Each structure stands twice: as structure tokens, then as C-alpha cells.
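Participant: Sharing target-v3.cif, mmCIF, C-alpha atoms and all ligand atoms:
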data_coords
loop_
_atom_site.label_atom_id
_atom_site.label_comp_id
_atom_site.auth_asym_id
_atom_site.auth_seq_id
_atom_site.Cartn_x
_atom_site.Cartn_y
_atom_site.Cartn_z
CA MET Q 236 24.51 16.72 -71.60
CA SER Q 237 26.52 15.73 -68.52
CA MET Q 238 25.72 12.61 -66.44
CA ALA Q 239 24.94 14.72 -63.39
CA ARG Q 240 22.34 16.71 -65.32
CA THR Q 241 20.74 13.55 -66.75
CA SER Q 242 20.48 12.05 -63.32
CA ALA Q 243 18.92 15.19 -61.82
CA ASP Q 244 16.24 15.16 -64.53
CA PHE Q 245 15.64 11.47 -63.99
CA ASN Q 246 15.30 11.94 -60.23
CA LYS Q 247 12.87 14.78 -60.82
CA LEU Q 248 10.80 12.56 -63.09
CA LEU Q 249 10.83 9.72 -60.54
CA LYS Q 250 9.68 12.12 -57.85
CA THR Q 251 6.79 13.33 -60.02
CA LEU Q 252 5.78 9.78 -60.92
CA SER Q 253 6.01 8.55 -57.39
CA ALA Q 254 4.02 11.49 -55.94
CA ARG Q 255 0.99 10.61 -58.10
CA ARG Q 256 -1.44 8.42 -56.19
CA SER Q 257 -5.06 7.38 -56.43
CA VAL Q 258 -7.00 9.82 -54.27
CA ARG Q 259 -10.65 8.89 -53.75
CA ARG Q 260 -11.77 11.36 -51.08
CA PHE Q 261 -11.71 15.12 -51.53
CA LEU Q 262 -11.94 18.21 -49.36
CA ASP Q 263 -14.98 20.43 -49.70
CA LYS Q 264 -12.91 23.05 -51.52
CA ASP Q 265 -13.24 24.27 -55.09
CA VAL Q 266 -10.38 23.98 -57.55
CA GLU Q 267 -9.17 27.42 -58.66
CA ASP Q 268 -9.82 28.57 -62.25
CA GLU Q 269 -6.08 29.16 -62.82
CA LYS Q 270 -5.31 25.52 -62.10
CA ILE Q 271 -7.99 24.35 -64.52
CA LYS Q 272 -6.76 26.75 -67.20
CA ALA Q 273 -3.15 25.62 -66.72
CA LEU Q 274 -4.16 22.09 -67.76
CA GLU Q 275 -4.70 23.17 -71.37
CA ARG Q 276 -0.93 23.45 -71.81
CA ILE Q 277 -0.19 19.78 -71.26
CA PHE Q 278 -2.11 18.45 -74.24
CA GLU Q 279 0.07 20.04 -76.91
CA CYS Q 280 3.09 18.13 -75.54
CA LEU Q 281 1.54 14.68 -75.88
CA PRO Q 282 2.21 12.05 -78.53
CA SER Q 283 -0.69 10.51 -80.45
CA SER Q 284 -1.02 8.13 -83.36
CA MET Q 285 -0.35 9.99 -86.64
CA ASN Q 286 -0.12 13.08 -84.46
CA ALA Q 287 -3.90 13.28 -84.78
CA ARG Q 288 -4.48 14.68 -81.26
CA PRO Q 289 -7.97 13.18 -81.08
CA TRP Q 290 -8.71 14.11 -77.45
CA ASN Q 291 -11.62 16.00 -76.01
CA VAL Q 292 -11.35 16.51 -72.27
CA PHE Q 293 -14.45 17.85 -70.54
CA ILE Q 294 -14.18 19.41 -67.09
CA ILE Q 295 -17.34 19.54 -64.98
CA ARG Q 296 -17.40 21.65 -61.81
CA ASP Q 297 -21.13 21.74 -61.08
CA ARG Q 298 -21.24 19.47 -58.03
CA GLU Q 299 -24.87 18.47 -58.50
CA LYS Q 300 -24.11 17.39 -62.06
CA ILE Q 301 -21.05 15.45 -60.92
CA LYS Q 302 -23.10 13.71 -58.23
CA GLU Q 303 -25.82 12.83 -60.71
CA LEU Q 304 -23.34 11.27 -63.14
CA GLY Q 305 -21.68 9.49 -60.20
CA ARG Q 306 -25.03 8.03 -59.11
CA ARG Q 307 -25.79 6.75 -62.60
CA LEU Q 308 -22.38 5.10 -62.91
CA LEU Q 309 -22.46 3.69 -59.40
CA ALA Q 310 -25.64 1.81 -60.32
CA VAL Q 311 -23.58 -0.32 -62.73
CA HIS Q 312 -20.03 -0.03 -61.32
CA LYS Q 313 -19.23 0.10 -57.61
CA TYR Q 314 -15.69 1.42 -58.22
CA SER Q 315 -17.18 4.66 -59.59
CA ALA Q 316 -17.92 5.77 -56.00
CA PRO Q 317 -15.13 8.43 -55.82
CA VAL Q 318 -17.03 10.49 -58.42
CA LEU Q 319 -19.76 11.27 -55.87
CA ASN Q 320 -17.67 13.47 -53.55
CA ALA Q 321 -15.46 15.18 -56.14
CA PRO Q 322 -15.60 18.98 -56.61
CA ALA Q 323 -14.36 18.57 -60.19
CA LEU Q 324 -14.49 15.87 -62.81
CA ALA Q 325 -12.51 15.35 -66.01
CA VAL Q 326 -14.02 13.19 -68.73
CA VAL Q 327 -11.35 11.92 -71.12
CA SER Q 328 -12.74 11.14 -74.56
CA VAL Q 329 -11.36 10.68 -78.04
CA ASP Q 330 -12.99 10.99 -81.43
CA GLU Q 331 -12.92 7.49 -82.88
CA ASN Q 332 -13.27 8.88 -86.41
CA ILE Q 333 -9.94 10.65 -85.95
CA SER Q 334 -8.16 7.82 -84.14
CA LYS Q 335 -9.70 4.60 -85.47
CA ASN Q 336 -7.05 2.04 -84.53
CA HIS Q 337 -5.38 3.63 -81.55
CA PHE Q 338 -8.02 5.49 -79.60
CA VAL Q 339 -7.36 3.47 -76.43
CA GLU Q 340 -3.64 4.28 -76.43
CA ASP Q 341 -4.18 7.92 -77.42
CA ALA Q 342 -6.74 8.39 -74.66
CA SER Q 343 -4.65 6.56 -72.06
CA ILE Q 344 -1.61 8.73 -72.73
CA CYS Q 345 -3.81 11.79 -72.39
CA ALA Q 346 -5.46 10.58 -69.17
CA PHE Q 347 -2.20 9.63 -67.51
CA ALA Q 348 -0.59 12.95 -68.41
CA LEU Q 349 -3.62 14.73 -66.99
CA TRP Q 350 -3.39 12.67 -63.79
CA LEU Q 351 0.30 13.59 -63.40
CA ALA Q 352 -0.46 17.24 -64.10
CA LEU Q 353 -3.22 17.31 -61.48
CA SER Q 354 -0.87 15.74 -58.97
CA SER Q 355 1.82 18.30 -59.81
CA LEU Q 356 -0.74 21.04 -59.09
CA GLY Q 357 -1.30 19.61 -55.60
CA LEU Q 358 -4.59 18.00 -56.55
CA GLY Q 359 -5.67 14.42 -55.95
CA ALA Q 360 -7.41 12.32 -58.60
CA VAL Q 361 -8.25 8.76 -59.48
CA TRP Q 362 -8.81 6.94 -62.75
CA ILE Q 363 -12.38 5.66 -63.05
CA ALA Q 364 -12.57 3.05 -65.78
CA VAL Q 365 -15.31 3.66 -68.33
CA CYS Q 366 -14.32 1.98 -71.61
CA LEU Q 367 -14.53 -1.82 -71.56
CA PRO Q 368 -13.74 -4.34 -74.30
CA ASP Q 369 -17.07 -6.18 -73.95
CA SER Q 370 -19.61 -3.54 -72.90
CA GLU Q 371 -20.32 0.08 -73.70
CA ILE Q 372 -22.79 0.56 -70.85
CA ARG Q 373 -20.62 2.99 -68.85
CA GLU Q 374 -19.64 4.84 -72.00
CA GLU Q 375 -23.33 5.12 -72.95
CA ILE Q 376 -24.14 6.57 -69.53
CA VAL Q 377 -21.45 9.26 -69.86
CA ARG Q 378 -22.23 9.97 -73.53
CA GLU Q 379 -25.92 10.38 -72.80
CA PHE Q 380 -25.14 12.62 -69.82
CA LEU Q 381 -22.90 14.94 -71.85
CA GLY Q 382 -24.87 14.74 -75.11
CA LEU Q 383 -21.96 13.11 -76.95
CA SER Q 384 -22.29 10.93 -80.04
CA LYS Q 385 -21.32 7.30 -80.63
CA LYS Q 386 -17.98 8.32 -82.22
CA ASP Q 387 -16.90 9.86 -78.92
CA ARG Q 388 -15.15 7.09 -77.01
CA VAL Q 389 -14.99 7.77 -73.31
CA ILE Q 390 -11.99 6.02 -71.82
CA CYS Q 391 -12.10 7.16 -68.24
CA LEU Q 392 -13.09 9.79 -65.75
CA LEU Q 393 -10.73 11.55 -63.39
CA PRO Q 394 -12.62 12.97 -60.42
CA PHE Q 395 -10.29 15.46 -58.78
CA GLY Q 396 -9.91 18.01 -56.01
CA TYR Q 397 -7.85 18.74 -52.93
CA PRO Q 398 -7.03 15.43 -51.24
CA ALA Q 399 -8.86 14.47 -48.04
CA GLU Q 400 -6.83 11.29 -47.65
CA LYS Q 401 -3.24 10.21 -47.85
CA PRO Q 402 -3.00 6.83 -49.56
CA ALA Q 403 -1.05 4.10 -47.77
CA LYS Q 404 2.58 3.67 -48.67
CA ARG Q 405 3.05 1.88 -51.96
CA ALA Q 406 3.75 -1.84 -51.83
CA ALA Q 407 7.25 -2.68 -53.01
CA ALA Q 408 7.44 -4.28 -56.44
CA GLU Q 409 6.89 -8.04 -56.06
CA ARG Q 410 8.99 -8.85 -59.09
CA LYS Q 411 11.21 -7.23 -61.69
CA PHE Q 412 9.14 -5.67 -64.46
CA LEU Q 413 12.14 -4.90 -66.67
CA LYS Q 414 13.68 -7.84 -68.51
CA VAL Q 415 16.94 -6.82 -70.06
CA LEU Q 416 17.67 -9.35 -72.82
C1 LIG K 1 -6.81 1.45 -66.24
C2 LIG K 1 -7.11 1.78 -64.80
C3 LIG K 1 -8.40 1.61 -64.31
C4 LIG K 1 -8.71 1.95 -62.99
N1 LIG K 1 -10.01 1.89 -62.57
C5 LIG K 1 -10.32 2.35 -61.33
C6 LIG K 1 -11.69 2.49 -60.95
O1 LIG K 1 -12.61 2.25 -61.73
N2 LIG K 1 -11.96 2.93 -59.69
C7 LIG K 1 -10.96 3.24 -58.79
O2 LIG K 1 -11.28 3.63 -57.65
N3 LIG K 1 -9.63 3.14 -59.13
C8 LIG K 1 -9.31 2.73 -60.39
N4 LIG K 1 -7.98 2.69 -60.78
C9 LIG K 1 -6.91 3.07 -59.84
C10 LIG K 1 -6.04 1.87 -59.43
O3 LIG K 1 -6.76 1.07 -58.51
C11 LIG K 1 -4.72 2.42 -58.82
O4 LIG K 1 -4.02 3.14 -59.82
C12 LIG K 1 -3.82 1.31 -58.30
O5 LIG K 1 -4.43 0.66 -57.19
C13 LIG K 1 -2.42 1.85 -57.84
O6 LIG K 1 -2.54 2.84 -56.85
P1 LIG K 1 -1.93 4.31 -57.08
O7 LIG K 1 -2.67 4.93 -58.23
O8 LIG K 1 -2.16 5.06 -55.77
O9 LIG K 1 -0.47 4.20 -57.41
C14 LIG K 1 -7.67 2.39 -62.11
C15 LIG K 1 -6.37 2.54 -62.60
C16 LIG K 1 -6.10 2.27 -63.94
C17 LIG K 1 -4.70 2.54 -64.46
#
What does the file become when written as C-alpha cells?
Ligand SMILES: Cc1cc2nc3c(=O)[nH]c(=O)nc-3n(C[C@H](O)[C@H](O)[C@H](O)COP(=O)(O)O)c2cc1C
Facilitator:
Amino acid sequence: MSMARTSADFNKLLKTLSARRSVRRFLDKDVEDEKIKALERIFECLPSSMNARPWNVFIIRDREKIKELGRRLLAVHKYSAPVLNAPALAVVSVDENISKNHFVEDASICAFALWLALSSLGLGAVWIAVCLPDSEIREEIVREFLGLSKKDRVICLLPFGYPAEKPAKRAAAERKFLKVL
């Protein structure tokens, strides 16, 4: 592969990464079925521990249901507010029986890929933290709402839709993250 080609791919990747932002306000416009269906294709490309592919991603598009789940979460977590005005909601879960030691990493890879995919489809989304090291209260709320069992670990929600806001320009990195030894 030539240098020029490598650099074009890298620039394309940087553009995709940099275009993804946290979008917390959404237009009152439904997300098309084709865009939802297209998402299925990303999961088969993802790495997972032991290649177990333990993910279950639920998409909810009933706005009343989304609001109700948003209200329940908001009662215990103020940063869940973006859920309330979303026309669509992805719930990223993994089966802990399939991925015992690495469910957090497996789920995070899945959620981030989904976030990038949504952004590439022109949709805005934000990560709403659900899984915590010291409390399962938010997970319990989501599990109860969806009728999931204890083995289903819910890592995060991604409320999504057409963006109604343009996030402020990113702050420049305040330090070097890469330490070349
Ligand atoms: C693990 C994780 C948890 C997050 N939790 C929340 C959350 O609960 N609510 C929220 O509004 N944003 C949440 N965010 C979004 C971050 O605030 C956001 O990614 C960060 O400010 C950088 O902005 P950007 O996504 O536009 O680049 C979370 C992001 C990550 C990666």
C-alpha cells in the first residue's frame, strides 16, 4: 500500500472521528427505517473478547416509552435528561454469561461503534452512562423497563435523532496523550 493511500485512509478516519459529537437535543423528526436497518451491519465487524459477540442492542422508537424511561432515569441521574426529547433510543447491553470478564470492554466497543455509525448517517447521539462500578440502580431501571434479566448488563443508552444543536467547537488537547517511549 502506498503512503499516499495510507494517509488518505487515515484522514478519512480522522474526519469520521472528529465529526462525532455529543448531541443532546433533537429535531421532532423520525429516523427512517432504512437508517435503523443499516446499523445491523456494523456489529459483525467489531472485535470482542474470545470473539463471543455478546451484544444485544435494543432500539426503541415509541416516543412515549422513551420519555417514560427517561423520566425514571432522570429521577436518579440528572445527566440522563437528553433521553426525554429523543425520537429514538439505543440500549446497549451484553450478556454477562457470554462475556464474564470483559463485558465492559465488549459493550464499550459496541457502543462507540454505534455512536460513530449514527454520526456517519447524519444523526446526533449522546452516551448516557448506565453501568456503574458501585451501583446497579440505573441498570435495574432499564432492565425492569425492558423485561431483561440480571445477566443482561446495560452499559449505556444512546438517545439519537436528527440534531437540533451544533455542539461548541472542541477544546484543544491540554496535554499530549501519546507517550512514545
Ligand atoms: C463513558 C461516558 C459516559 C458519558 N456519560 C454521559 C451522560 O451520562 N450524559 C451526557 O449527557 N453525556 C455523557 N457523556 C458524553 C460526554 O460528556 C462527552 O463525550 C464529552 O463531553 C466530549 O464531548 P463530545 O462527545 O462532543 O466529543 C459520556 C461519555 C462517555 C464516553
Participant: Which polymer residues have any atom within 6 Å of an atom of Ala360 (chain Q), counting only C-alpha atoms, with same-chain residues fewer than 5 positions away left out, as a list in words?
Facilitator: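 With the cut-off at 6 Å, the set is Ser257, Val258, Leu393, Pro394 and Phe395 of chain Q.
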Participant: Please provide as a PDB file with C-alpha atoms, in the frame of the given file all residues within 9 Å of Ile295 (chain Q), with the sequence filter that same-chain residues fewer than 5 positions apart are discarded (counting all atoms listed in the file).
Facilitator:
ATOM      1  CA  LYS Q 300     -24.110  17.390 -62.060  1.00  0.00           C
ATOM      2  CA  ILE Q 301     -21.050  15.450 -60.920  1.00  0.00           C
ATOM      3  CA  PRO Q 322     -15.600  18.980 -56.610  1.00  0.00           C
ATOM      4  CA  ALA Q 323     -14.360  18.570 -60.190  1.00  0.00           C
ATOM      5  CA  LEU Q 324     -14.490  15.870 -62.810  1.00  0.00           C
ATOM      6  CA  ALA Q 325     -12.510  15.350 -66.010  1.00  0.00           C
ATOM      7  CA  VAL Q 326     -14.020  13.190 -68.730  1.00  0.00           C
TER       8      VAL Q 326
END
Participant: Select, counting only C-alpha atoms, all protein, DNA and RNA residues no farther than 9 Å from (-12.7, 11.8, -79.2) in file coordinates, and express the selection as a PDB file with C-alpha atoms, in the coordinates of the input.
Facilitator:
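Output file out-v3.pdb is given in full below:
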ATOM      1  CA  ARG Q 288      -4.480  14.680 -81.260  1.00  0.00           C
ATOM      2  CA  PRO Q 289      -7.970  13.180 -81.080  1.00  0.00           C
ATOM      3  CA  TRP Q 290      -8.710  14.110 -77.450  1.00  0.00           C
ATOM      4  CA  ASN Q 291     -11.620  16.000 -76.010  1.00  0.00           C
ATOM      5  CA  VAL Q 292     -11.350  16.510 -72.270  1.00  0.00           C
ATOM      6  CA  VAL Q 327     -11.350  11.920 -71.120  1.00  0.00           C
ATOM      7  CA  SER Q 328     -12.740  11.140 -74.560  1.00  0.00           C
ATOM      8  CA  VAL Q 329     -11.360  10.680 -78.040  1.00  0.00           C
ATOM      9  CA  ASP Q 330     -12.990  10.990 -81.430  1.00  0.00           C
ATOM     10  CA  GLU Q 331     -12.920   7.490 -82.880  1.00  0.00           C
ATOM     11  CA  ASN Q 332     -13.270   8.880 -86.410  1.00  0.00           C
ATOM     12  CA  ILE Q 333      -9.940  10.650 -85.950  1.00  0.00           C
ATOM     13  CA  SER Q 334      -8.160   7.820 -84.140  1.00  0.00           C
ATOM     14  CA  PHE Q 338      -8.020   5.490 -79.600  1.00  0.00           C
ATOM     15  CA  ALA Q 342      -6.740   8.390 -74.660  1.00  0.00           C
ATOM     16  CA  LYS Q 386     -17.980   8.320 -82.220  1.00  0.00           C
ATOM     17  CA  ASP Q 387     -16.900   9.860 -78.920  1.00  0.00           C
ATOM     18  CA  ARG Q 388     -15.150   7.090 -77.010  1.00  0.00           C
ATOM     19  CA  VAL Q 389     -14.990   7.770 -73.310  1.00  0.00           C
TER      20      VAL Q 389
END
Participant: Give me, as a list in words, all polymer residues having an atom no more than 9 Å from region 396-409 of chain Q, counting only C-alpha atoms and skipping those fewer than 6 positions away in the same chain.
Facilitator: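 In the requested form, the answer reads Arg256, Ser257, Val258, Arg259, Arg260, Phe261, Leu262, Asp263, Lys264, Asp265, Val266, Ala321, Pro322, Ala323, Leu324, Leu353, Gly357, Leu358, Gly359 and Ala360 of chain Q.
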Participant: Using only C-alpha atoms and all ligand atoms, find each protein or nucleic acid residue lying at most 6 Å from ligand LIG 1 (chain K); present the set as a PyMOL selection string.
Facilitator: chain Q and resi 256-257+314-315+361-364
Participant: Just C-alpha atoms for this one: save the residues we selected as a compact mmCIF listing (two decimals), in the coordinates of the input.
Facilitator:
# COMPACT_ATOMS: atom_id res chain seq x y z
CA ARG Q 256 -1.44 8.42 -56.19
CA SER Q 257 -5.06 7.38 -56.43
CA TYR Q 314 -15.69 1.42 -58.22
CA SER Q 315 -17.18 4.66 -59.59
CA VAL Q 361 -8.25 8.76 -59.48
CA TRP Q 362 -8.81 6.94 -62.75
CA ILE Q 363 -12.38 5.66 -63.05
CA ALA Q 364 -12.57 3.05 -65.78
Participant: Measure the distance from CA of Leu381 (chain Q) to CA of Gly305 (chain Q) in Å and round it to one decimal.
Facilitator: 12.9 Å
Participant: With distances taken over all atoms listed in the file, which residue among Q:Leu304, Q:Leu356, Q:Met285, Q:Arg296 lies nearest Glu269 (chain Q)?
Facilitator: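 Using all atoms listed in the file, Glu269 (chain Q) sits closest to Q:Leu356.
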Participant: Determine the nearest neighbour of Ser370 (chain Q) from the options Q:Leu248, Q:Val311, Q:His337, Q:Leu416, counting all atoms listed in the file.
Facilitator: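 Of Q:Leu248, Q:Val311, Q:His337, Q:Leu416, the one nearest Ser370 (chain Q) is Q:Val311, counting all atoms listed in the file.
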Participant: How would you write as a PyMOL selection string the residues that get within 9 Å of (4.7, 16.5, -55.7) in the file's frame, counting all atoms listed in the file?
Facilitator: chain Q and resi 250-255+354-357
Participant: Could you add the missing atoms to region 350-364 of chain Q, up to N, CA and C atoms, and return them as a CSV table (one decimal), keeping the file's coordinate frame?
Facilitator:
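Heads up, here's the output in part-v5.csv:
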chain,number,residue,atom,x,y,z
Q,350,TRP,N,-3.5,13.1,-65.2
Q,350,TRP,CA,-3.4,12.7,-63.8
Q,350,TRP,C,-2.1,13.2,-63.2
Q,351,LEU,N,-1.0,13.1,-63.9
Q,351,LEU,CA,0.3,13.6,-63.4
Q,351,LEU,C,0.2,15.1,-63.2
Q,352,ALA,N,-0.4,15.8,-64.2
Q,352,ALA,CA,-0.5,17.2,-64.1
Q,352,ALA,C,-1.3,17.7,-62.9
Q,353,LEU,N,-2.4,17.0,-62.7
Q,353,LEU,CA,-3.2,17.3,-61.5
Q,353,LEU,C,-2.4,17.1,-60.2
Q,354,SER,N,-1.7,16.0,-60.2
Q,354,SER,CA,-0.9,15.7,-59.0
Q,354,SER,C,0.2,16.8,-58.8
Q,355,SER,N,0.8,17.2,-59.9
Q,355,SER,CA,1.8,18.3,-59.8
Q,355,SER,C,1.2,19.6,-59.4
Q,356,LEU,N,-0.1,19.8,-59.5
Q,356,LEU,CA,-0.7,21.0,-59.1
Q,356,LEU,C,-1.2,20.9,-57.7
Q,357,GLY,N,-0.9,19.8,-57.0
Q,357,GLY,CA,-1.3,19.6,-55.6
Q,357,GLY,C,-2.7,19.0,-55.5
Q,358,LEU,N,-3.2,18.5,-56.6
Q,358,LEU,CA,-4.6,18.0,-56.6
Q,358,LEU,C,-4.6,16.5,-56.6
Q,359,GLY,N,-5.6,15.9,-55.9
Q,359,GLY,CA,-5.7,14.4,-56.0
Q,359,GLY,C,-6.7,14.0,-57.0
Q,360,ALA,N,-6.5,12.8,-57.6
Q,360,ALA,CA,-7.4,12.3,-58.6
Q,360,ALA,C,-7.3,10.8,-58.6
Q,361,VAL,N,-8.3,10.2,-59.3
Q,361,VAL,CA,-8.2,8.8,-59.5
Q,361,VAL,C,-8.8,8.4,-60.8
Q,362,TRP,N,-8.3,7.4,-61.4
Q,362,TRP,CA,-8.8,6.9,-62.8
Q,362,TRP,C,-10.1,6.1,-62.5
Q,363,ILE,N,-11.2,6.5,-63.1
Q,363,ILE,CA,-12.4,5.7,-63.0
Q,363,ILE,C,-12.6,5.1,-64.4
Q,364,ALA,N,-12.5,3.7,-64.5
Q,364,ALA,CA,-12.6,3.0,-65.8
Q,364,ALA,C,-14.0,3.2,-66.4
